[in-house]
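S.K.: Below is the structure I would like to discuss, written out as structure tokens.
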Amino acid sequence: MTEYKLSKLTELRLEVAKGKEVFVSLHSGSAEIFGAELSLGQRARLSGGAAAVFTWEGATLEVEGEPDVAYVAEDTPMVAYVNAHHVIDNLRSEARARAPASDAPAQGPRVVVAGPADAGKSTLCRMLLNWAVRAGGQPTYVDLDVGQGTVTAPGCLAATPVETPIDVEEGYPVQVPLVFYYGHVTPSDAPELYQYLVDRVAGVLDRRAEASPEVAAAGMVVNTLGWVEGLGYELLLHVVRAVKADVLVVMEQDRLYNQLKSALGGEEGSMGRPLQVVKLPKSGGIVARSPQARKDARVARAREYFYGPTGALQPHAQTVAAEQLRLFRIGGGFRAPSSALPLGASSKADPLKVSPVAVGPELTHSLLAVSHAAAPDQLLASNVAGFVLVTGVDAARGTVTYLAPCGGPLPGRYLLVGSLKAFLD
Amino acid sequence: MDSAEFVAEYRDLLAQLKRNEKRDINVLSMLAEDNKQHAPAIVRAIEKHILVAPAPVKLPALYVLDSIVKNVREPYKSLFSRGLPEVFGSVWDSTLPDRRGPLSRLFATWGGVFAPEVLERVKERMVSAAPPPMQQQFPGPAPMQQVLQLPAGAAYGVPPGQLTTVVSLAPPVQLQLGPMQLPHYAPPTMQFQPPSGMLPPSPQHGGWPQHQHHQQQQQQQQQMPFDPRLRRSRSPYGGPEQQQQQPLAPGQLSSLLSSLAQTGILKAPAAAAAWTDDPALRTTELAPAFIKEQHEGVIAALAQVSEQTRGAFLDLAFLRKQRQLGGGALSRSWYVTIDHWLAGTVAATETAQAFGGEEEEGGKEEEPPPLEPEDPTQPCCAISGEPFEKVYDQEREGWFFKGARRLAGDEAAAHGVPEGALVKVSALAEAAGGPGSDAAGGGVLDASGLAADLAAAAAAAGAEGGPALPQQQPQPQPQLPAAPAAEWEAKQGAVKSEHEAKAGVKREADGGTPEGKRQRAA
């Protein structure tokens with residue numbers, strides 16, 4: 001048990017190895033983890049990852065357990081972050097003030113956070129959301145980073161309203177996300193599908209904002225891909241335009257900042273103001289993750305979907321006859337078994353084509369999405385009800401065993417197949 | 001005995017303190033006196049205990065704190081001062097408004113014990129408190145609902161985004177105390193003896209409406225753990241020490257309470273003015289120069305808004321935990337369709353916002369609940385036997401029974417009650433149409449915008465799924481925690497049953513559904 005006394009505007013950085021647990025409690029003063037306040041006496045559990053406990057006015061913290069790394073950092077970018085939040089919140093106030101005067105709900109700031117991998121994009125998103133919620137707003141979080149999955153399983157585009165500060169242990173509210181299944185962890189696998197789904201999410205969010213002045217005024221915080229070169233950069237431009245961003249935050253990179261500023265400068269956002277591009281420094285506490293660590297994190301997210309962050313959820317295993325499952329894949333099939341296609345056919349395939357997939361042993365460990373589509377031609381545009389993980393395919397008996405988040409029949413007849421696999425033990 | 005060992009033992013003793021037992025509280029207090037060298041650890045143990053303990057055992061532990069600061073005083077007073085707002089607030093939040101009387105009285109004894117600025121922070125915390133968890137509203141009748149009665153002229157400034165409609169600062173008008181075992185600990189208050197009943201005299205401004213029902217009150221008072229005689233005879237600590245405390249004059253409580261209300265009104269605009277006056281901070285431009293520089297006003301603004309929303313979030317976090325603990329093994333539900341998502345998330349946001357007190361123009365016309373003037377001889381419904389809920393009507397300046405009606409003539413005869421009997425309108429509806437026939441009416445009876453909104457939202461979400469949701473609400477409503485999240489679960493339940501209905505299967509185990517979980521948790 002170690003006690004740390006933090007002076008104002010400093011943070012305690014902790015890194016906890018996978019499978020280990022560390023508890024942080026606040027003894028005096030005030031402190032927050034990624035913008036979510038710790039309450040006095042609360043024992044916040046951290047496991048597998050890095051976290052920073054920041055204090056605006058000084059705090060005494062107690063750390064139980066053995067973090068791999070623990071040090072107090074005085075040099076943090078928090079002042080710049082909170083200033084950005086303050087301006088964004090002023091934009092919200094402006095929208096609320098305008099609301100009664102205009103016919104359509106006055107839009108609040110739509111903030112897109114861009115930057116390379118390991119620049120702290122999702123952490124900044126989390127802080128901006130937490131601070132906005134503490135200021136009384138209910139912004140919408142939109143996660144377009146298919147590689148990570150902060151709201152649901154990886155390989156998805158997701159949006160969720162944020163009503164309370166994001167729990168330190170449990171992460172984003174997961175009861176009610178809007179989820180579209182992309183099915184891959186990098187957008188280069190199916191860039192057209194990615195773009196299509198970005199437009200689709202943006203369209204639903206527009207409808208949501210039109211329905212309520214408060215929803216509109218609270219705005220959005222949008223997390224993006226960590227891939228900002230070449231095609232990744234093009235997709236980022238697409239995202240900024242699709243969501244009609246009012247603020248584009250660029251983490252760290254001068255080059256990307258200048259590139260985006262000149263490409264998008266003067267374009268109008270949802271509020272009818274010119275897009276503001278702002279560069280924010282990256283935190284020194286960021287731990288770069290290896291490709292393997294990213295892969296592990298994805299599997300961990302898939303596991304969390306079924307078992308919950310603390311293992312408190314109970315998924316249900318079910319076995320069904322293979323012919324009951326109606327599996328589809330979106331995209332030309334360049335990922336389909338080559339035997340299924342004539343030579344060279346993949347290049348001509350429609351990237352948004354929906355095609356049936358036969359059940360076979362190669363599906364084992366695949367993460368399948370259960371679509372809300374009522375017919376196969378709606379699969380592209382429909383959101384998903386959740387996921388099942390194929391745990392076994394018995395070709396002899398013609399059965400498939402899968403793990404579903406809860407019991408009972410599946411909420412939809414059609415399942416989407418992607419390239420996501422997860423080996424959960 | 002070394003520190004860790006002692007504190008562990010102290011913590012055990014605290015954990016055993018489940019009721020207001022004077023003897024045990026004194027023991028804990030004396031232990032603290034004899035072990036001042038462990039004071040910081042003792043303070044931490046008590047604070048932690050109060051913060052994390054289940055609602056019913058918080059108050060006894062708060063009495064331990066009270067006993068220590070009043071009898072042992074330093075170093076405990078200083079040590080407790082820091083966390084007092086959060087600690088007291090945690091007890092306040094988890095206590096039903098109609099049970100908060102002992103807390104208000106305890107707080108009233110702290111003048112002169114804690115520094116004024118500490119008390120000010122506690123007051124702020126009380127004012128910004130959210131309804132306690134068990135009191136969260138849900139579509140359908142919620143009989144325990146107690147509405148704050150503010151005297152005419154007093155208005156509440158409730159911070160935006162806060163899940164709060166009412167904060168009961170008034171001493172309770174209905175104390176329902178179970179059989180008590182004496183002796184109980186009573187916060188020593190040599191200074192202040194309430195004149196008659198617990199309520200201070202009602203001045204023209206800012207005072208609390210004089211309760212018309214003194215007799216009943218005094219009876220209640222007899223049963224309460226607040227009895228100075230017991231304290232004198234049993235307390236190992238004499239009065240003299242307490243007499244040194246700054247006296248709180250009779251009537252001071254009323255000014256204290258009214259200043260509480262005023263804090264609620266004045267706080268937001270006054271404090272906000274401090275930083276919004278600085279035009280530089282009102283910028284909507286993300287200029288690099290502004291971003292780089294440290295602005296005290298920006299940090300202060302965040303701290304200030306957080307202060308106002310914190311209580312509601314703590315309640316929701318508490319609820320979430322409770323659901324998790326109470327629900328046994330849970331499973332993740334399926335996500336809803338786009339249309340349900342749109343309907344639900346918009347409703348949830350608007351509900352929270354409307355609930356938060358932002359003045360929204362063009363709000364729905366809410367039918368006010370029927371009010372009957374209070375009748376002390378008929379405290380309960382003549383049909384259902386449920387106690388009436390009393391509210392203070394600002395316009396008519398009097399106490400009324402909410403949702404009540406006086407039956408006369410044929411109507412009384414039809415229901416088999418005497419002429420002029422007071423009944424609950426919900427009981428009438430029930431008698432007429434059978435349970436559940438008037439679920440929507442029940443929502444209106446409870447008369448809060450939230451209940452109606454939630455009912456509407458639930459109806460919208462459940463429309464395709466049939467009337468599953470309203471029907472599952474029994475008429476004498478268990479107190480369901482209904483935060484937006486809970487509402488969501490409910491809605492998802494409705495959606496789920498829709499899916500299952502489509503698939504033509506019966507739900508296997510009701511306990512596994514969100515509704516089932518929620519009910520179990522409740």
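We label chains A, B, ... in the order they appear in the structure tokens, count residues from 1 in each chain, and number ligands from 1 in the order shown.
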Identify, with DSSP run on backbone atoms, the residues in segment 288-385 of chain A assigned to helix (DSSP H, G or I), and express the list as an MDAnalysis selection string.
M.R.: chainID A and resid 291:307 322:324 338:340 345:348 361:363 376:378
S.K.: Taking only C-alpha atoms into account and nothing else, which residues of chain A lie no more than 6 Å away from chain B? Please answer as a ChimeraX atom specification.
M.R.: /A:41,79-80,83,87,90-91,134-136,208,313-315,385-386,405-406,411
S.K.: Output C-alpha atoms for every residue in that selection, as a PDB file, in the first residue's frame.
M.R.:
```pdb
ATOM      1  CA  GLY A  41     -13.305   6.623  -0.238  1.00  0.00           C
ATOM      2  CA  VAL A  79      -4.502  22.439 -19.166  1.00  0.00           C
ATOM      3  CA  ALA A  80      -4.673  22.482 -22.962  1.00  0.00           C
ATOM      4  CA  ASN A  83      -9.220  24.704 -22.319  1.00  0.00           C
ATOM      5  CA  VAL A  87     -14.357  26.387 -25.673  1.00  0.00           C
ATOM      6  CA  ASN A  90     -19.105  27.470 -24.873  1.00  0.00           C
ATOM      7  CA  LEU A  91     -20.176  26.298 -28.311  1.00  0.00           C
ATOM      8  CA  ARG A 134     -20.131  17.037 -15.576  1.00  0.00           C
ATOM      9  CA  ALA A 135     -21.122  20.363 -17.096  1.00  0.00           C
ATOM     10  CA  GLY A 136     -24.657  19.039 -17.490  1.00  0.00           C
ATOM     11  CA  ARG A 208     -31.440  11.887 -33.681  1.00  0.00           C
ATOM     12  CA  LEU A 313     -21.881 -11.305 -17.152  1.00  0.00           C
ATOM     13  CA  GLN A 314     -23.041 -14.720 -18.137  1.00  0.00           C
ATOM     14  CA  PRO A 315     -23.164 -15.616 -21.826  1.00  0.00           C
ATOM     15  CA  ALA A 385     -28.291  -6.564 -32.202  1.00  0.00           C
ATOM     16  CA  GLY A 386     -25.037  -7.988 -30.954  1.00  0.00           C
ATOM     17  CA  PRO A 405     -24.587 -12.841 -24.837  1.00  0.00           C
ATOM     18  CA  CYS A 406     -27.894 -14.043 -23.399  1.00  0.00           C
ATOM     19  CA  PRO A 411     -33.099 -11.425 -32.220  1.00  0.00           C
TER      20      PRO A 411
END
```
S.K.: Per residue of segment 54-144 of chain A within 12 Å of segment 269-276 of chain A, note the shortest atom pair and the distance in Å to one decimal, counting only C-alpha atoms, and order the rows by chain and increasing residue number, as CSV.
M.R.:
```
residue,atom,partner,partner_atom,distance
A:Ala84,CA,A:Gln276,CA,11.3
A:Val87,CA,A:Gln276,CA,11.2
A:Ile88,CA,A:Gln276,CA,10.7
A:Leu91,CA,A:Met271,CA,9.0
A:Arg92,CA,A:Met271,CA,10.0
A:Glu94,CA,A:Met271,CA,9.8
A:Ala95,CA,A:Met271,CA,7.9
A:Arg96,CA,A:Met271,CA,11.5
A:Arg98,CA,A:Met271,CA,10.5
A:Ala99,CA,A:Met271,CA,11.5
A:Ala104,CA,A:Met271,CA,11.5
A:Pro105,CA,A:Met271,CA,10.3
A:Ala106,CA,A:Met271,CA,7.2
A:Gln107,CA,A:Met271,CA,5.2
A:Gly108,CA,A:Met271,CA,6.3
A:Pro109,CA,A:Met271,CA,6.8
A:Arg110,CA,A:Ser270,CA,7.2
A:Val111,CA,A:Gln276,CA,9.5
A:Val112,CA,A:Gln276,CA,10.4
A:Val113,CA,A:Gln276,CA,11.9
```
S.K.: Keeping only C-alpha atoms, take the residues you just selected and write them out as an mmCIF file, in the first residue's frame.
M.R.:
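What landed in part_34.cif:
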```cif
data_model
loop_
_atom_site.group_PDB
_atom_site.id
_atom_site.type_symbol
_atom_site.label_atom_id
_atom_site.label_comp_id
_atom_site.auth_asym_id
_atom_site.auth_seq_id
_atom_site.Cartn_x
_atom_site.Cartn_y
_atom_site.Cartn_z
ATOM 1 C CA ALA A 84 -10.364 22.909 -25.450
ATOM 2 C CA VAL A 87 -14.357 26.387 -25.673
ATOM 3 C CA ILE A 88 -16.336 23.390 -26.915
ATOM 4 C CA LEU A 91 -20.176 26.298 -28.311
ATOM 5 C CA ARG A 92 -22.783 24.090 -26.619
ATOM 6 C CA GLU A 94 -24.248 29.037 -27.874
ATOM 7 C CA ALA A 95 -26.332 26.291 -29.473
ATOM 8 C CA ARG A 96 -28.654 26.131 -26.465
ATOM 9 C CA ARG A 98 -29.928 29.762 -30.193
ATOM 10 C CA ALA A 99 -32.325 26.852 -29.866
ATOM 11 C CA ALA A 104 -34.690 23.289 -36.516
ATOM 12 C CA PRO A 105 -32.818 22.303 -33.355
ATOM 13 C CA ALA A 106 -29.634 24.342 -33.138
ATOM 14 C CA GLN A 107 -26.707 22.022 -33.584
ATOM 15 C CA GLY A 108 -23.990 21.884 -30.963
ATOM 16 C CA PRO A 109 -20.343 21.168 -31.582
ATOM 17 C CA ARG A 110 -19.418 17.983 -33.371
ATOM 18 C CA VAL A 111 -15.861 17.274 -32.413
ATOM 19 C CA VAL A 112 -13.703 14.857 -34.388
ATOM 20 C CA VAL A 113 -10.506 13.669 -32.727
#
```
S.K.: Quick check for you: according to DSSP on this backbone, which residues of segment 151-257 of chain A are classed as strand (DSSP E)? Reply as a list of chain:residue names.
M.R.: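 These are the residues in question: A:Cys156, A:Leu157, A:Ala158, A:Ala159, A:Thr160, A:Pro161, A:Leu178, A:Val179, A:Phe180, A:Tyr181, A:Met220, A:Val221, A:Val222, A:Asn223, A:Val247, A:Leu248, A:Val249, A:Val250, A:Met251.
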S.K.: Would you output that residue set with C-alpha atoms, as an mmCIF file, in the first residue's frame?
M.R.:
```cif
data_model
loop_
_atom_site.group_PDB
_atom_site.id
_atom_site.type_symbol
_atom_site.label_atom_id
_atom_site.label_comp_id
_atom_site.auth_asym_id
_atom_site.auth_seq_id
_atom_site.Cartn_x
_atom_site.Cartn_y
_atom_site.Cartn_z
ATOM 1 C CA CYS A 156 -17.682 -1.977 -35.456
ATOM 2 C CA LEU A 157 -18.805 1.581 -35.860
ATOM 3 C CA ALA A 158 -20.753 2.578 -32.797
ATOM 4 C CA ALA A 159 -22.468 5.502 -31.161
ATOM 5 C CA THR A 160 -23.873 5.938 -27.685
ATOM 6 C CA PRO A 161 -25.261 8.824 -25.673
ATOM 7 C CA LEU A 178 -26.047 1.915 -31.942
ATOM 8 C CA VAL A 179 -23.752 -0.567 -33.647
ATOM 9 C CA PHE A 180 -22.956 -1.276 -37.268
ATOM 10 C CA TYR A 181 -20.774 -4.231 -38.087
ATOM 11 C CA MET A 220 -20.814 14.720 -30.464
ATOM 12 C CA VAL A 221 -17.320 13.537 -29.816
ATOM 13 C CA VAL A 222 -16.026 11.310 -32.601
ATOM 14 C CA ASN A 223 -13.065 8.974 -32.268
ATOM 15 C CA VAL A 247 -14.090 21.095 -34.447
ATOM 16 C CA LEU A 248 -11.280 18.856 -35.608
ATOM 17 C CA VAL A 249 -8.730 18.059 -32.937
ATOM 18 C CA VAL A 250 -5.416 16.764 -34.210
ATOM 19 C CA MET A 251 -3.231 14.984 -31.718
#
```
S.K.: List the spatial neighbours of Gly35 of chain A as a ChimeraX atom specification - criterion: any atom at most 7 Å away, only C-alpha atoms, same-chain residues fewer than 5 positions off excluded.
M.R.: /A:127,130-131
S.K.: Please save C-alpha atoms of the selected residues as a short mmCIF file (atom, residue, chain, number, x, y, z; two decimals), in the first residue's frame.
M.R.:
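Saved file part-v9.cif follows:
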```cif
data_model
loop_
_atom_site.label_atom_id
_atom_site.label_comp_id
_atom_site.auth_asym_id
_atom_site.auth_seq_id
_atom_site.Cartn_x
_atom_site.Cartn_y
_atom_site.Cartn_z
CA MET A 127 -12.09 13.37 -21.04
CA ASN A 130 -16.71 13.31 -19.02
CA TRP A 131 -16.19 17.01 -18.65
#
```
S.K.: Of the candidates A:Gln292, A:Ser212, A:Gly266, A:Gly412, which one gets nearest to Pro100 of chain A if we count only C-alpha atoms?
M.R.: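 Ranking A:Gln292, A:Ser212, A:Gly266, A:Gly412 by distance to Pro100 of chain A, first place goes to A:Ser212.
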S.K.: For the atom pair atom CA of Ser371 of chain A and atom CA of Asp296 of chain A, what is the interatomic distance in Å to one decimal place?
M.R.: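 Rounded to one decimal, the two atoms are 25.9 Å apart.
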S.K.: For Gly171 of chain A, which residue among A:Val287, A:Leu46, A:Ala211, A:Leu61 is the nearest when counting only C-alpha atoms?
M.R.: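 Selected residue with least distance to Gly171 of chain A: A:Leu46.
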S.K.: So which residues touch Lys77 of chain B within 8 Å, counting only C-alpha atoms, skipping near sequence neighbours fewer than 4 positions away, as a list in words?
M.R.: Val69, Arg73, Ser81, Val113 and Phe114 of chain B
S.K.: So how far away is atom CA of Arg45 of chain A from atom CA of Glu64 of chain A, in Å?
M.R.: 9.5 Å
S.K.: Measure the distance from atom CA of Ala70 of chain A to atom CA of Pro309 of chain A in Å and round it to one decimal.
M.R.: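 About the pair atom CA of Ala70 of chain A and atom CA of Pro309 of chain A: they are 22.9 Å apart.
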S.K.: Between B:Ala186, B:Leu319, B:Val122, B:Ala32, which one has atoms that come closest to Ser94 of chain B, using only C-alpha atoms?
M.R.: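 Comparing B:Ala186, B:Leu319, B:Val122, B:Ala32 against Ser94 of chain B, the winner is B:Leu319.
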S.K.: Check the smallest atom-to-atom distance from each of A:Leu236, A:Ala202, A:Leu280, A:Val390 to Glu362 of chain A using only C-alpha atoms, then report the winner.
M.R.: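 Among the listed residues, the smallest separation from Glu362 of chain A belongs to A:Val390.
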S.K.: Could you give me, as an MDAnalysis selection string, the residues within 9 Å of segment 227-232 of chain A, counting only C-alpha atoms and dropping anything in the same chain fewer than 6 positions from it?
M.R.: chainID A and resid 114:117 186:188 191 256
S.K.: Would you mind exporting the chosen residues as a PDB file, in the first residue's frame, restricted to N, CA and C atoms?
M.R.:
```pdb
ATOM      1  N   ALA A 114      -8.638  13.318 -34.234  1.00  0.00           N
ATOM      2  CA  ALA A 114      -7.840  12.569 -35.200  1.00  0.00           C
ATOM      3  C   ALA A 114      -6.394  12.504 -34.732  1.00  0.00           C
ATOM      4  N   GLY A 115      -5.688  11.529 -35.252  1.00  0.00           N
ATOM      5  CA  GLY A 115      -4.271  11.418 -34.923  1.00  0.00           C
ATOM      6  C   GLY A 115      -3.806  10.002 -35.129  1.00  0.00           C
ATOM      7  N   PRO A 116      -2.507   9.803 -35.116  1.00  0.00           N
ATOM      8  CA  PRO A 116      -1.981   8.461 -35.314  1.00  0.00           C
ATOM      9  C   PRO A 116      -2.302   7.557 -34.136  1.00  0.00           C
ATOM     10  N   ALA A 117      -2.018   6.277 -34.294  1.00  0.00           N
ATOM     11  CA  ALA A 117      -2.220   5.342 -33.198  1.00  0.00           C
ATOM     12  C   ALA A 117      -1.351   5.749 -32.014  1.00  0.00           C
ATOM     13  N   THR A 186      -9.148  -3.351 -39.883  1.00  0.00           N
ATOM     14  CA  THR A 186      -8.539  -2.216 -40.568  1.00  0.00           C
ATOM     15  C   THR A 186      -9.395  -1.835 -41.768  1.00  0.00           C
ATOM     16  N   PRO A 187      -9.567  -0.544 -41.986  1.00  0.00           N
ATOM     17  CA  PRO A 187     -10.458  -0.098 -43.050  1.00  0.00           C
ATOM     18  C   PRO A 187      -9.928  -0.423 -44.436  1.00  0.00           C
ATOM     19  N   SER A 188      -8.658  -0.782 -44.559  1.00  0.00           N
ATOM     20  CA  SER A 188      -8.148  -1.100 -45.899  1.00  0.00           C
ATOM     21  C   SER A 188      -8.765  -2.392 -46.414  1.00  0.00           C
ATOM     22  N   PRO A 191     -12.614  -0.482 -47.707  1.00  0.00           N
ATOM     23  CA  PRO A 191     -12.780   0.966 -47.526  1.00  0.00           C
ATOM     24  C   PRO A 191     -14.143   1.486 -47.951  1.00  0.00           C
ATOM     25  N   LEU A 256       0.102  16.337 -40.012  1.00  0.00           N
ATOM     26  CA  LEU A 256      -1.303  16.011 -40.205  1.00  0.00           C
ATOM     27  C   LEU A 256      -2.166  17.254 -39.977  1.00  0.00           C
TER      28      LEU A 256
END
```
